[in-house]
Amino acid sequence: MAIQRMDNVGIVVEDMDAAIAFFLELGMELEGRAEVEGLFADQCTGLDGVRCDIAMVRTPDGHGRLELAKYRNPAVISDGPRNRPHNILGTHRVMFAVDDIEDTVARLRPHGAELLGEIARYEDSYLLCYVRGPEGIIVGLAQQLG
């Protein structure tokens with residue numbers, strides 16, 4: 001038996017509106033918002049009394065989605081600073097292909113994006129960079145050259 005596809009990547013946030021605005025400025029589309037609670041939410045998360053707001057954003061091609069979740073109950077747990085380095089164990093970034101990397105970085109800055117390092121050239125293939133967005137989320141950007 002094989003998987004069918006990757007459905008989405010989940011990211012827990014404190015400021016839902018800021019996270020949505022950041023990803024919409026990146027070029028994603030808001031698919032919908034909802035509140036999740038009840039027995040099924042408790043069962044699938046392994047938590048008790050789950051109540052959270054979620055927002056689903058998708059890439060323009062419809063193939064990639066992020067589920068943003070703001071927990072109202074139980075309280076969010078912080079496991080350290082939000083400006084963690086890129087080489088920390090666990091999920092560390094989500095990468096997006098973009099048309100114009102410099103324009104994308106410029107548009108994201110008013111939404112709290114901070115360039116980590118600089119825009120780098122990989123051979124004659126790509127321009128690449130990482131930006132830290134709201135909630136400390138690291139987003140990779142890749143512009144194919146040629």
# chains A, B, ... in the order shown; residues from 1 in each chain; ligands from 1
call {"tool": "residues_around", "arguments": {"residues": "Arg93 of chain A", "least_positions_apart": "4", "cutoff": "8 Å", "atoms": "only C-alpha atoms", "output": "PyMOL selection string"}}
result
chain A and resi 137-140
call {"tool": "write_last_selection", "arguments": {"atoms": "N, CA, C and O atoms", "output": "PDB file, in the first residue's frame"}}
result
ATOM      1  N   ILE A 137       8.565  31.077  11.886  1.00  0.00           N
ATOM      2  CA  ILE A 137       8.509  30.099  10.803  1.00  0.00           C
ATOM      3  C   ILE A 137       9.584  30.424   9.771  1.00  0.00           C
ATOM      4  O   ILE A 137       9.680  31.561   9.315  1.00  0.00           O
ATOM      5  N   ILE A 138      10.390  29.428   9.405  1.00  0.00           N
ATOM      6  CA  ILE A 138      11.398  29.629   8.365  1.00  0.00           C
ATOM      7  C   ILE A 138      10.809  29.154   7.041  1.00  0.00           C
ATOM      8  O   ILE A 138      10.333  28.027   6.928  1.00  0.00           O
ATOM      9  N   VAL A 139      10.833  30.052   6.064  1.00  0.00           N
ATOM     10  CA  VAL A 139      10.328  29.763   4.730  1.00  0.00           C
ATOM     11  C   VAL A 139      11.489  29.871   3.748  1.00  0.00           C
ATOM     12  O   VAL A 139      12.215  30.856   3.737  1.00  0.00           O
ATOM     13  N   GLY A 140      11.662  28.828   2.950  1.00  0.00           N
ATOM     14  CA  GLY A 140      12.665  28.849   1.900  1.00  0.00           C
ATOM     15  C   GLY A 140      12.047  29.344   0.608  1.00  0.00           C
ATOM     16  O   GLY A 140      10.890  29.048   0.308  1.00  0.00           O
TER      17      GLY A 140
END
call {"tool": "residues_around", "arguments": {"residues": "Ala97 of chain A", "least_positions_apart": "5", "cutoff": "12 Å", "atoms": "only C-alpha atoms", "output": "list in words"}}
result
Leu26, Gly27, Met28, Thr59, Pro60, Asp61, Gly64, Thr104, Tyr126, Leu127, Leu128, Cys129, Tyr130, Val139, Gly140, Leu141, Ala142, Gln143, Gln144 and Leu145 of chain A
call {"tool": "select_by_dssp", "arguments": {"residues": "chain A", "states": "alpha helix (DSSP H)", "output": "ChimeraX atom specification"}}
result
/A:16-26,39-45,101-108
call {"tool": "select_by_dssp", "arguments": {"residues": "chain A", "states": "strand (DSSP E or B)", "output": "VMD selection string"}}
result
chain A and resid 9 to 12 29 to 37 51 to 58 65 to 73 94 to 97 114 to 122 126 to 132 138 to 144
call {"tool": "closest_residue", "arguments": {"among": "A:Ile3, A:Val13, A:Ser125, A:Arg109", "to": "Leu68 of chain A", "atoms": "only C-alpha atoms"}}
result
A:Val13
call {"tool": "residues_around", "arguments": {"residues": "segment 35-37 of chain A", "least_positions_apart": "2", "cutoff": "9 Å", "atoms": "only C-alpha atoms", "output": "list in words"}}
result
Arg33, Leu39, Phe40, Ala41, Asp42, Gly49, Val50, Arg51, Cys52, Asp53, Ile54 and Ala55 of chain A
call {"tool": "write_last_selection", "arguments": {"atoms": "N, CA, C and O atoms", "output": "compact mmCIF listing (two decimals), in the first residue's frame"}}
result
# COMPACT_ATOMS: atom_id res chain seq x y z
N ARG A 33 -11.44 28.88 6.73
CA ARG A 33 -11.16 28.96 8.17
C ARG A 33 -12.26 28.21 8.89
O ARG A 33 -13.39 28.18 8.43
N LEU A 39 -14.67 15.42 20.32
CA LEU A 39 -14.04 14.14 20.57
C LEU A 39 -13.05 13.76 19.47
O LEU A 39 -11.94 13.30 19.75
N PHE A 40 -13.41 13.97 18.20
CA PHE A 40 -12.50 13.59 17.11
C PHE A 40 -11.18 14.37 17.19
O PHE A 40 -10.11 13.83 16.93
N ALA A 41 -11.27 15.66 17.57
CA ALA A 41 -10.05 16.47 17.69
C ALA A 41 -9.18 15.96 18.83
O ALA A 41 -7.95 15.87 18.69
N ASP A 42 -9.80 15.60 19.94
CA ASP A 42 -9.05 15.03 21.07
C ASP A 42 -8.40 13.71 20.67
O ASP A 42 -7.24 13.46 20.97
N GLY A 49 -9.71 18.20 25.49
CA GLY A 49 -10.39 19.49 25.44
C GLY A 49 -9.91 20.39 24.32
O GLY A 49 -9.89 21.62 24.48
N VAL A 50 -9.54 19.81 23.19
CA VAL A 50 -9.01 20.61 22.08
C VAL A 50 -10.07 21.59 21.57
O VAL A 50 -11.22 21.23 21.34
N ARG A 51 -9.65 22.81 21.43
CA ARG A 51 -10.44 23.86 20.77
C ARG A 51 -9.45 24.75 20.06
O ARG A 51 -8.62 25.40 20.70
N CYS A 52 -9.47 24.72 18.74
CA CYS A 52 -8.53 25.56 18.01
C CYS A 52 -9.16 26.09 16.73
O CYS A 52 -10.09 25.51 16.19
N ASP A 53 -8.62 27.23 16.33
CA ASP A 53 -9.01 27.82 15.05
C ASP A 53 -8.01 27.34 14.02
O ASP A 53 -6.81 27.28 14.31
N ILE A 54 -8.51 27.01 12.84
CA ILE A 54 -7.60 26.60 11.78
C ILE A 54 -7.88 27.43 10.53
O ILE A 54 -8.99 27.93 10.33
N ALA A 55 -6.86 27.57 9.73
CA ALA A 55 -6.98 28.20 8.42
C ALA A 55 -6.16 27.36 7.46
O ALA A 55 -5.05 26.95 7.78
call {"tool": "closest_residue", "arguments": {"among": "A:Glu118, A:Val57, A:Arg84, A:Tyr71", "to": "Glu102 of chain A", "atoms": "only C-alpha atoms"}}
result
A:Glu118
call {"tool": "atom_distance", "arguments": {"atom1": "atom CA of Asn8 of chain A", "atom2": "atom CA of Phe22 of chain A"}}
result
17.4 Å
call {"tool": "atom_distance", "arguments": {"atom1": "atom CA of Pro81 of chain A", "atom2": "atom CA of Leu116 of chain A"}}
result
15.7 Å
call {"tool": "atom_distance", "arguments": {"atom1": "atom CA of Ile88 of chain A", "atom2": "atom CA of Arg72 of chain A"}}
result
26.9 Å
